[in-house]
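Here is run-v2.cif, consisting of mmCIF, N, CA, C and O atoms:
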```cif
data_input
loop_
_atom_site.group_PDB
_atom_site.id
_atom_site.type_symbol
_atom_site.label_atom_id
_atom_site.label_comp_id
_atom_site.auth_asym_id
_atom_site.auth_seq_id
_atom_site.Cartn_x
_atom_site.Cartn_y
_atom_site.Cartn_z
ATOM 1 N N MET N 1 -0.369 -4.283 -3.989
ATOM 2 C CA MET N 1 -0.515 -5.637 -3.477
ATOM 3 C C MET N 1 -1.103 -6.504 -4.551
ATOM 4 O O MET N 1 -1.817 -6.059 -5.424
ATOM 5 N N GLU N 2 -0.833 -7.769 -4.462
ATOM 6 C CA GLU N 2 -1.304 -8.697 -5.456
ATOM 7 C C GLU N 2 -2.804 -8.849 -5.370
ATOM 8 O O GLU N 2 -3.409 -8.628 -4.349
ATOM 9 N N ASN N 3 -3.397 -9.297 -6.487
ATOM 10 C CA ASN N 3 -4.837 -9.500 -6.426
ATOM 11 C C ASN N 3 -5.158 -10.752 -5.624
ATOM 12 O O ASN N 3 -4.294 -11.539 -5.282
ATOM 13 N N LYS N 4 -6.440 -10.916 -5.305
ATOM 14 C CA LYS N 4 -6.871 -11.981 -4.395
ATOM 15 C C LYS N 4 -6.543 -13.363 -4.946
ATOM 16 O O LYS N 4 -6.165 -14.249 -4.203
ATOM 17 N N GLU N 5 -6.648 -13.577 -6.269
ATOM 18 C CA GLU N 5 -6.350 -14.882 -6.833
ATOM 19 C C GLU N 5 -4.902 -15.277 -6.567
ATOM 20 O O GLU N 5 -4.614 -16.404 -6.209
ATOM 21 N N LYS N 6 -3.992 -14.355 -6.748
ATOM 22 C CA LYS N 6 -2.580 -14.664 -6.514
ATOM 23 C C LYS N 6 -2.318 -14.908 -5.037
ATOM 24 O O LYS N 6 -1.523 -15.759 -4.685
ATOM 25 N N LEU N 7 -2.982 -14.176 -4.174
ATOM 26 C CA LEU N 7 -2.803 -14.365 -2.741
ATOM 27 C C LEU N 7 -3.266 -15.757 -2.341
ATOM 28 O O LEU N 7 -2.615 -16.425 -1.551
ATOM 29 N N GLU N 8 -4.369 -16.226 -2.906
ATOM 30 C CA GLU N 8 -4.887 -17.553 -2.572
ATOM 31 C C GLU N 8 -3.956 -18.665 -3.036
ATOM 32 O O GLU N 8 -4.029 -19.770 -2.531
ATOM 33 N N GLU N 9 -3.082 -18.409 -3.994
ATOM 34 C CA GLU N 9 -2.150 -19.416 -4.478
ATOM 35 C C GLU N 9 -0.925 -19.554 -3.573
ATOM 36 O O GLU N 9 -0.186 -20.518 -3.690
ATOM 37 N N LYS N 10 -0.707 -18.623 -2.688
ATOM 38 C CA LYS N 10 0.477 -18.627 -1.822
ATOM 39 C C LYS N 10 0.367 -19.698 -0.752
ATOM 40 O O LYS N 10 -0.699 -19.971 -0.241
ATOM 41 N N THR N 11 1.516 -20.232 -0.390
ATOM 42 C CA THR N 11 1.558 -21.074 0.794
ATOM 43 C C THR N 11 1.790 -20.163 1.987
ATOM 44 O O THR N 11 2.246 -19.020 1.842
ATOM 45 N N VAL N 12 1.485 -20.668 3.154
ATOM 46 C CA VAL N 12 1.713 -19.892 4.372
ATOM 47 C C VAL N 12 3.204 -19.608 4.512
ATOM 48 O O VAL N 12 3.603 -18.503 4.896
ATOM 49 N N GLU N 13 4.020 -20.584 4.165
ATOM 50 C CA GLU N 13 5.473 -20.404 4.274
ATOM 51 C C GLU N 13 5.959 -19.272 3.370
ATOM 52 O O GLU N 13 6.792 -18.458 3.782
ATOM 53 N N THR N 14 5.436 -19.215 2.151
ATOM 54 C CA THR N 14 5.813 -18.146 1.232
ATOM 55 C C THR N 14 5.370 -16.792 1.774
ATOM 56 O O THR N 14 6.121 -15.814 1.730
ATOM 57 N N ALA N 15 4.160 -16.745 2.310
ATOM 58 C CA ALA N 15 3.652 -15.494 2.866
ATOM 59 C C ALA N 15 4.501 -15.044 4.056
ATOM 60 O O ALA N 15 4.815 -13.863 4.184
ATOM 61 N N PHE N 16 4.914 -15.986 4.914
ATOM 62 C CA PHE N 16 5.769 -15.632 6.048
ATOM 63 C C PHE N 16 7.129 -15.108 5.580
ATOM 64 O O PHE N 16 7.675 -14.169 6.166
ATOM 65 N N LYS N 17 7.674 -15.688 4.514
ATOM 66 C CA LYS N 17 8.947 -15.189 3.973
ATOM 67 C C LYS N 17 8.787 -13.765 3.461
ATOM 68 O O LYS N 17 9.654 -12.922 3.667
ATOM 69 N N GLU N 18 7.664 -13.509 2.790
ATOM 70 C CA GLU N 18 7.409 -12.154 2.297
ATOM 71 C C GLU N 18 7.245 -11.172 3.461
ATOM 72 O O GLU N 18 7.734 -10.044 3.398
ATOM 73 N N LEU N 19 6.562 -11.606 4.505
ATOM 74 C CA LEU N 19 6.423 -10.756 5.691
ATOM 75 C C LEU N 19 7.779 -10.447 6.306
ATOM 76 O O LEU N 19 8.042 -9.313 6.709
ATOM 77 N N ASP N 20 8.632 -11.451 6.354
ATOM 78 C CA ASP N 20 9.974 -11.248 6.893
ATOM 79 C C ASP N 20 10.748 -10.222 6.069
ATOM 80 O O ASP N 20 11.420 -9.346 6.627
ATOM 81 N N GLU N 21 10.624 -10.306 4.748
ATOM 82 C CA GLU N 21 11.292 -9.329 3.877
ATOM 83 C C GLU N 21 10.731 -7.925 4.088
ATOM 84 O O GLU N 21 11.477 -6.946 4.095
ATOM 85 N N MET N 22 9.420 -7.840 4.270
ATOM 86 C CA MET N 22 8.801 -6.535 4.521
ATOM 87 C C MET N 22 9.317 -5.935 5.826
ATOM 88 O O MET N 22 9.595 -4.738 5.901
ATOM 89 N N ILE N 23 9.444 -6.775 6.838
ATOM 90 C CA ILE N 23 9.958 -6.298 8.128
ATOM 91 C C ILE N 23 11.380 -5.775 7.975
ATOM 92 O O ILE N 23 11.722 -4.720 8.509
ATOM 93 N N LYS N 24 12.197 -6.499 7.224
ATOM 94 C CA LYS N 24 13.581 -6.046 7.001
ATOM 95 C C LYS N 24 13.601 -4.694 6.302
ATOM 96 O O LYS N 24 14.398 -3.824 6.652
ATOM 97 N N LYS N 25 12.726 -4.525 5.304
ATOM 98 C CA LYS N 25 12.671 -3.239 4.602
ATOM 99 C C LYS N 25 12.229 -2.130 5.550
ATOM 100 O O LYS N 25 12.775 -1.030 5.517
ATOM 101 N N LEU N 26 11.226 -2.428 6.388
ATOM 102 C CA LEU N 26 10.740 -1.418 7.321
ATOM 103 C C LEU N 26 11.796 -1.058 8.360
ATOM 104 O O LEU N 26 11.858 0.087 8.811
ATOM 105 N N GLU N 27 12.614 -2.017 8.732
ATOM 106 C CA GLU N 27 13.660 -1.749 9.719
ATOM 107 C C GLU N 27 14.805 -0.933 9.132
ATOM 108 O O GLU N 27 15.502 -0.244 9.875
ATOM 109 N N SER N 28 14.979 -1.024 7.823
ATOM 110 C CA SER N 28 16.022 -0.208 7.208
ATOM 111 C C SER N 28 15.514 1.224 7.157
ATOM 112 O O SER N 28 14.332 1.476 7.012
ATOM 113 N N ARG N 29 16.372 2.138 7.299
ATOM 114 C CA ARG N 29 15.954 3.540 7.331
ATOM 115 C C ARG N 29 15.950 4.150 5.935
ATOM 116 O O ARG N 29 15.835 5.361 5.789
ATOM 117 N N GLU N 30 16.027 3.303 4.933
ATOM 118 C CA GLU N 30 16.060 3.787 3.561
ATOM 119 C C GLU N 30 14.680 3.818 2.916
ATOM 120 O O GLU N 30 14.542 4.199 1.768
ATOM 121 N N VAL N 31 13.642 3.441 3.655
ATOM 122 C CA VAL N 31 12.282 3.399 3.134
ATOM 123 C C VAL N 31 11.592 4.727 3.428
ATOM 124 O O VAL N 31 11.677 5.245 4.541
ATOM 125 N N THR N 32 10.893 5.250 2.418
ATOM 126 C CA THR N 32 10.172 6.502 2.620
ATOM 127 C C THR N 32 8.953 6.251 3.499
ATOM 128 O O THR N 32 8.510 5.113 3.675
ATOM 129 N N LEU N 33 8.406 7.311 4.026
ATOM 130 C CA LEU N 33 7.223 7.204 4.865
ATOM 131 C C LEU N 33 6.060 6.593 4.083
ATOM 132 O O LEU N 33 5.360 5.703 4.575
ATOM 133 N N GLU N 34 5.868 7.035 2.847
ATOM 134 C CA GLU N 34 4.794 6.499 2.014
ATOM 135 C C GLU N 34 4.993 5.011 1.755
ATOM 136 O O GLU N 34 4.048 4.226 1.827
ATOM 137 N N ASP N 35 6.233 4.618 1.455
ATOM 138 C CA ASP N 35 6.524 3.204 1.228
ATOM 139 C C ASP N 35 6.321 2.390 2.506
ATOM 140 O O ASP N 35 5.870 1.248 2.454
ATOM 141 N N SER N 36 6.637 2.988 3.643
ATOM 142 C CA SER N 36 6.426 2.303 4.923
ATOM 143 C C SER N 36 4.946 1.999 5.139
ATOM 144 O O SER N 36 4.583 0.897 5.558
ATOM 145 N N PHE N 37 4.097 2.977 4.850
ATOM 146 C CA PHE N 37 2.660 2.753 4.998
ATOM 147 C C PHE N 37 2.166 1.680 4.029
ATOM 148 O O PHE N 37 1.338 0.843 4.390
ATOM 149 N N GLN N 38 2.681 1.691 2.809
ATOM 150 C CA GLN N 38 2.286 0.689 1.821
ATOM 151 C C GLN N 38 2.741 -0.704 2.258
ATOM 152 O O GLN N 38 1.978 -1.659 2.177
ATOM 153 N N LEU N 39 3.978 -0.811 2.733
ATOM 154 C CA LEU N 39 4.477 -2.101 3.217
ATOM 155 C C LEU N 39 3.661 -2.594 4.407
ATOM 156 O O LEU N 39 3.338 -3.775 4.503
ATOM 157 N N TYR N 40 3.319 -1.688 5.304
ATOM 158 C CA TYR N 40 2.511 -2.049 6.465
ATOM 159 C C TYR N 40 1.151 -2.581 6.021
ATOM 160 O O TYR N 40 0.686 -3.617 6.504
ATOM 161 N N HIS N 41 0.528 -1.883 5.087
ATOM 162 C CA HIS N 41 -0.784 -2.291 4.583
ATOM 163 C C HIS N 41 -0.707 -3.670 3.922
ATOM 164 O O HIS N 41 -1.542 -4.542 4.172
ATOM 165 N N GLU N 42 0.294 -3.886 3.087
ATOM 166 C CA GLU N 42 0.478 -5.181 2.430
ATOM 167 C C GLU N 42 0.769 -6.273 3.459
ATOM 168 O O GLU N 42 0.267 -7.393 3.344
ATOM 169 N N GLY N 43 1.559 -5.939 4.450
ATOM 170 C CA GLY N 43 1.887 -6.899 5.505
ATOM 171 C C GLY N 43 0.659 -7.316 6.293
ATOM 172 O O GLY N 43 0.498 -8.498 6.631
ATOM 173 N N MET N 44 -0.222 -6.373 6.563
ATOM 174 C CA MET N 44 -1.447 -6.693 7.291
ATOM 175 C C MET N 44 -2.340 -7.619 6.475
ATOM 176 O O MET N 44 -2.962 -8.539 7.017
ATOM 177 N N LYS N 45 -2.390 -7.409 5.164
ATOM 178 C CA LYS N 45 -3.165 -8.306 4.300
ATOM 179 C C LYS N 45 -2.579 -9.716 4.326
ATOM 180 O O LYS N 45 -3.313 -10.705 4.408
ATOM 181 N N LEU N 46 -1.255 -9.796 4.229
ATOM 182 C CA LEU N 46 -0.600 -11.105 4.272
ATOM 183 C C LEU N 46 -0.813 -11.791 5.611
ATOM 184 O O LEU N 46 -1.061 -13.003 5.667
ATOM 185 N N LEU N 47 -0.728 -11.042 6.677
ATOM 186 C CA LEU N 47 -0.922 -11.609 8.009
ATOM 187 C C LEU N 47 -2.348 -12.141 8.169
ATOM 188 O O LEU N 47 -2.559 -13.239 8.687
ATOM 189 N N LYS N 48 -3.334 -11.403 7.688
ATOM 190 C CA LYS N 48 -4.722 -11.868 7.741
ATOM 191 C C LYS N 48 -4.882 -13.130 6.909
ATOM 192 O O LYS N 48 -5.547 -14.082 7.327
ATOM 193 N N TYR N 49 -4.281 -13.153 5.729
ATOM 194 C CA TYR N 49 -4.332 -14.336 4.875
ATOM 195 C C TYR N 49 -3.764 -15.554 5.605
ATOM 196 O O TYR N 49 -4.376 -16.627 5.617
ATOM 197 N N CYS N 50 -2.610 -15.381 6.248
ATOM 198 C CA CYS N 50 -1.974 -16.486 6.985
ATOM 199 C C CYS N 50 -2.868 -16.957 8.129
ATOM 200 O O CYS N 50 -3.056 -18.165 8.310
ATOM 201 N N ASN N 51 -3.411 -16.023 8.888
ATOM 202 C CA ASN N 51 -4.292 -16.386 9.999
ATOM 203 C C ASN N 51 -5.516 -17.145 9.513
ATOM 204 O O ASN N 51 -5.907 -18.154 10.111
ATOM 205 N N ASP N 52 -6.117 -16.676 8.422
ATOM 206 C CA ASP N 52 -7.300 -17.349 7.881
ATOM 207 C C ASP N 52 -6.966 -18.760 7.408
ATOM 208 O O ASP N 52 -7.711 -19.698 7.659
ATOM 209 N N LYS N 53 -5.841 -18.896 6.735
ATOM 210 C CA LYS N 53 -5.443 -20.206 6.213
ATOM 211 C C LYS N 53 -5.135 -21.179 7.368
ATOM 212 O O LYS N 53 -5.535 -22.340 7.330
ATOM 213 N N ILE N 54 -4.450 -20.700 8.378
ATOM 214 C CA ILE N 54 -4.132 -21.540 9.540
ATOM 215 C C ILE N 54 -5.417 -21.923 10.272
ATOM 216 O O ILE N 54 -5.572 -23.070 10.706
ATOM 217 N N ASP N 55 -6.358 -20.996 10.396
ATOM 218 C CA ASP N 55 -7.642 -21.300 11.038
ATOM 219 C C ASP N 55 -8.378 -22.412 10.294
ATOM 220 O O ASP N 55 -8.949 -23.311 10.919
ATOM 221 N N ARG N 56 -8.362 -22.361 8.952
ATOM 222 C CA ARG N 56 -9.029 -23.410 8.170
ATOM 223 C C ARG N 56 -8.389 -24.766 8.409
ATOM 224 O O ARG N 56 -9.083 -25.774 8.553
ATOM 225 N N VAL N 57 -7.067 -24.807 8.473
ATOM 226 C CA VAL N 57 -6.364 -26.069 8.718
ATOM 227 C C VAL N 57 -6.699 -26.590 10.112
ATOM 228 O O VAL N 57 -6.968 -27.779 10.293
ATOM 229 N N GLU N 58 -6.696 -25.708 11.100
ATOM 230 C CA GLU N 58 -7.035 -26.119 12.465
ATOM 231 C C GLU N 58 -8.451 -26.680 12.542
ATOM 232 O O GLU N 58 -8.683 -27.701 13.194
ATOM 233 N N LYS N 59 -9.392 -26.045 11.870
ATOM 234 C CA LYS N 59 -10.769 -26.539 11.879
ATOM 235 C C LYS N 59 -10.852 -27.915 11.234
ATOM 236 O O LYS N 59 -11.564 -28.787 11.719
ATOM 237 N N ASN N 60 -10.114 -28.119 10.143
ATOM 238 C CA ASN N 60 -10.104 -29.433 9.499
ATOM 239 C C ASN N 60 -9.474 -30.473 10.412
ATOM 240 O O ASN N 60 -9.936 -31.612 10.463
ATOM 241 N N MET N 61 -8.430 -30.101 11.124
ATOM 242 C CA MET N 61 -7.781 -31.043 12.034
ATOM 243 C C MET N 61 -8.734 -31.454 13.151
ATOM 244 O O MET N 61 -8.724 -32.604 13.581
ATOM 245 N N LEU N 62 -9.549 -30.543 13.623
ATOM 246 C CA LEU N 62 -10.497 -30.851 14.682
ATOM 247 C C LEU N 62 -11.588 -31.800 14.200
ATOM 248 O O LEU N 62 -12.203 -32.502 14.998
ATOM 249 N N LEU N 63 -11.818 -31.837 12.896
ATOM 250 C CA LEU N 63 -12.845 -32.704 12.342
ATOM 251 C C LEU N 63 -12.359 -34.131 12.095
ATOM 252 O O LEU N 63 -13.147 -35.020 11.828
ATOM 253 N N ILE N 64 -11.045 -34.343 12.187
ATOM 254 C CA ILE N 64 -10.497 -35.675 11.944
ATOM 255 C C ILE N 64 -10.655 -36.506 13.213
ATOM 256 O O ILE N 64 -10.240 -36.111 14.293
ATOM 257 N N ASN N 65 -11.238 -37.691 13.068
ATOM 258 C CA ASN N 65 -11.426 -38.543 14.248
ATOM 259 C C ASN N 65 -10.216 -39.448 14.455
ATOM 260 O O ASN N 65 -9.229 -39.384 13.716
ATOM 261 N N GLU N 66 -10.287 -40.305 15.446
ATOM 262 C CA GLU N 66 -9.151 -41.168 15.781
ATOM 263 C C GLU N 66 -8.811 -42.169 14.679
ATOM 264 O O GLU N 66 -7.713 -42.695 14.634
ATOM 265 N N ASN N 67 -9.727 -42.422 13.754
ATOM 266 C CA ASN N 67 -9.465 -43.323 12.632
ATOM 267 C C ASN N 67 -8.902 -42.590 11.420
ATOM 268 O O ASN N 67 -8.684 -43.181 10.380
ATOM 269 N N GLY N 68 -8.717 -41.296 11.558
ATOM 270 C CA GLY N 68 -8.167 -40.511 10.464
ATOM 271 C C GLY N 68 -9.205 -40.075 9.459
ATOM 272 O O GLY N 68 -8.866 -39.590 8.390
ATOM 273 N N GLU N 69 -10.478 -40.254 9.806
ATOM 274 C CA GLU N 69 -11.549 -39.851 8.907
ATOM 275 C C GLU N 69 -11.979 -38.421 9.222
ATOM 276 O O GLU N 69 -12.009 -38.023 10.376
ATOM 277 N N ILE N 70 -12.313 -37.704 8.191
ATOM 278 C CA ILE N 70 -12.760 -36.322 8.380
ATOM 279 C C ILE N 70 -14.276 -36.313 8.476
ATOM 280 O O ILE N 70 -14.967 -36.866 7.623
ATOM 281 N N HIS N 71 -14.778 -35.695 9.511
ATOM 282 C CA HIS N 71 -16.222 -35.556 9.695
ATOM 283 C C HIS N 71 -16.651 -34.253 9.079
ATOM 284 O O HIS N 71 -16.104 -33.203 9.365
ATOM 285 N N GLU N 72 -17.645 -34.324 8.212
ATOM 286 C CA GLU N 72 -18.205 -33.118 7.602
ATOM 287 C C GLU N 72 -19.125 -32.438 8.604
ATOM 288 O O GLU N 72 -19.763 -33.082 9.413
ATOM 289 N N ARG N 73 -19.195 -31.142 8.513
ATOM 290 C CA ARG N 73 -20.098 -30.382 9.397
ATOM 291 C C ARG N 73 -21.470 -30.346 8.817
ATOM 292 O O ARG N 73 -21.762 -30.353 7.728
#
```
Give the structure from this file in structure tokens form.
Amino acid sequence: MENKEKLEEKTVETAFKELDEMIKKLESREVTLEDSFQLYHEGMKLLKYCNDKIDRVEKNMLLINENGEIHER
């Protein structure tokens, strides 16, 4: 799996595309058991990254008031 710096550079859309590719590989019966576990592990990291990034955006959206200003916590 990529290091943390490279993961932080990804967009959520890119991460979702990679997850989709991982799912396709896992669905094919040409993947070894070891590769399946590795893909699963990488997929879980990507999924956590996406969830964390979406959570940050949601929190920022909740801080925006009706005038479009962001309130700091």
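If you count all atoms listed in the file and ignore residues fewer than 4 places along the chain from Met22 of chain N, what sits within 8 Å of it is Ala15, Phe16, Lys17, Glu18, Leu26, Glu27, Ser28, Asp35, Ser36, Leu39, Tyr40 and Gly43 of chain N.
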inquiry  = Ranking N:Lys25, N:Lys45, N:Lys59, N:Lys53 by minimum distance to Val12 of chain N and counting all atoms listed in the file, which one comes first?
reply    = N:Lys53
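Note that the spacing between atom CA of Glu69 of chain N and atom CA of Ile54 of chain N amounts to 19.8 Å.
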message = Just to confirm, what's the straight-line distance from atom CA of Leu46 of chain N to atom CA of Glu9 of chain N in Å (one decimal)?
response = 12.2 Å
Please return the centre and edge lengths, in Å to one decimal, of a box with edges along x, y and z that contains all listed atoms of segment 35-54 of chain N, widened by 8 Å on every side, as lines of an AutoDock Vina configuration file.
```
center_x = -0.5
center_y = -9.2
center_z = 6.0
size_x = 30.3
size_y = 43.7
size_z = 25.5
```
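Atom CA of Leu62 of chain N lies 29.4 Å from atom CA of Asp20 of chain N.
Residue nearest Asn51 of chain N, chosen from N:Thr32, N:Gln38, N:Thr11, N:Ile23 and counting only C-alpha atoms: N:Thr11.
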Could you add the missing atoms to segment 27-38 of chain N, up to all heavy atoms, and return them as a compact mmCIF listing (two decimals), in the frame of the given file?
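File out18.txt, as written:
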```
# COMPACT_ATOMS: atom_id res chain seq x y z
N GLU N 27 12.61 -2.02 8.73
CA GLU N 27 13.66 -1.75 9.72
C GLU N 27 14.80 -0.93 9.13
O GLU N 27 15.50 -0.24 9.88
CB GLU N 27 14.18 -3.06 10.29
CG GLU N 27 13.19 -3.73 11.24
CD GLU N 27 13.64 -5.09 11.73
OE1 GLU N 27 14.54 -5.70 11.10
OE2 GLU N 27 13.09 -5.55 12.75
N SER N 28 14.98 -1.02 7.82
CA SER N 28 16.02 -0.21 7.21
C SER N 28 15.51 1.22 7.16
O SER N 28 14.33 1.48 7.01
CB SER N 28 16.34 -0.70 5.80
OG SER N 28 15.37 -0.25 4.88
N ARG N 29 16.37 2.14 7.30
CA ARG N 29 15.95 3.54 7.33
C ARG N 29 15.95 4.15 5.94
O ARG N 29 15.84 5.36 5.79
CB ARG N 29 16.87 4.32 8.26
CG ARG N 29 16.73 3.82 9.68
CD ARG N 29 17.54 4.64 10.63
NE ARG N 29 17.42 4.09 11.96
CZ ARG N 29 16.73 4.65 12.92
NH1 ARG N 29 16.12 5.79 12.71
NH2 ARG N 29 16.66 4.09 14.10
N GLU N 30 16.03 3.30 4.93
CA GLU N 30 16.06 3.79 3.56
C GLU N 30 14.68 3.82 2.92
O GLU N 30 14.54 4.20 1.77
CB GLU N 30 17.00 2.90 2.74
CG GLU N 30 18.42 2.93 3.26
CD GLU N 30 19.33 1.92 2.57
OE1 GLU N 30 18.94 1.39 1.52
OE2 GLU N 30 20.42 1.69 3.10
N VAL N 31 13.64 3.44 3.66
CA VAL N 31 12.28 3.40 3.13
C VAL N 31 11.59 4.73 3.43
O VAL N 31 11.68 5.24 4.54
CB VAL N 31 11.50 2.23 3.79
CG1 VAL N 31 10.06 2.22 3.34
CG2 VAL N 31 12.16 0.91 3.48
N THR N 32 10.89 5.25 2.42
CA THR N 32 10.17 6.50 2.62
C THR N 32 8.95 6.25 3.50
O THR N 32 8.51 5.11 3.68
CB THR N 32 9.69 7.09 1.28
OG1 THR N 32 8.73 6.20 0.71
CG2 THR N 32 10.85 7.31 0.32
N LEU N 33 8.41 7.31 4.03
CA LEU N 33 7.22 7.20 4.86
C LEU N 33 6.06 6.59 4.08
O LEU N 33 5.36 5.70 4.58
CB LEU N 33 6.83 8.59 5.41
CG LEU N 33 5.65 8.63 6.35
CD1 LEU N 33 5.92 7.77 7.59
CD2 LEU N 33 5.34 10.06 6.74
N GLU N 34 5.87 7.04 2.85
CA GLU N 34 4.79 6.50 2.01
C GLU N 34 4.99 5.01 1.76
O GLU N 34 4.05 4.23 1.83
CB GLU N 34 4.72 7.25 0.67
CG GLU N 34 4.25 8.68 0.80
CD GLU N 34 5.38 9.64 1.19
OE1 GLU N 34 6.57 9.25 1.16
OE2 GLU N 34 5.06 10.79 1.53
N ASP N 35 6.23 4.62 1.46
CA ASP N 35 6.52 3.20 1.23
C ASP N 35 6.32 2.39 2.51
O ASP N 35 5.87 1.25 2.45
CB ASP N 35 7.95 3.01 0.71
CG ASP N 35 8.11 3.50 -0.72
OD1 ASP N 35 7.10 3.67 -1.42
OD2 ASP N 35 9.27 3.71 -1.12
N SER N 36 6.64 2.99 3.64
CA SER N 36 6.43 2.30 4.92
C SER N 36 4.95 2.00 5.14
O SER N 36 4.58 0.90 5.56
CB SER N 36 6.93 3.15 6.09
OG SER N 36 8.31 3.31 6.04
N PHE N 37 4.10 2.98 4.85
CA PHE N 37 2.66 2.75 5.00
C PHE N 37 2.17 1.68 4.03
O PHE N 37 1.34 0.84 4.39
CB PHE N 37 1.87 4.05 4.79
CG PHE N 37 1.92 4.97 5.97
CD1 PHE N 37 2.43 6.25 5.84
CD2 PHE N 37 1.47 4.56 7.22
CE1 PHE N 37 2.48 7.10 6.93
CE2 PHE N 37 1.51 5.41 8.31
CZ PHE N 37 2.03 6.69 8.17
N GLN N 38 2.68 1.69 2.81
CA GLN N 38 2.29 0.69 1.82
C GLN N 38 2.74 -0.70 2.26
O GLN N 38 1.98 -1.66 2.18
CB GLN N 38 2.87 1.03 0.44
CG GLN N 38 2.46 0.07 -0.65
CD GLN N 38 0.97 0.07 -0.92
OE1 GLN N 38 0.29 1.07 -0.77
NE2 GLN N 38 0.45 -1.08 -1.29
```
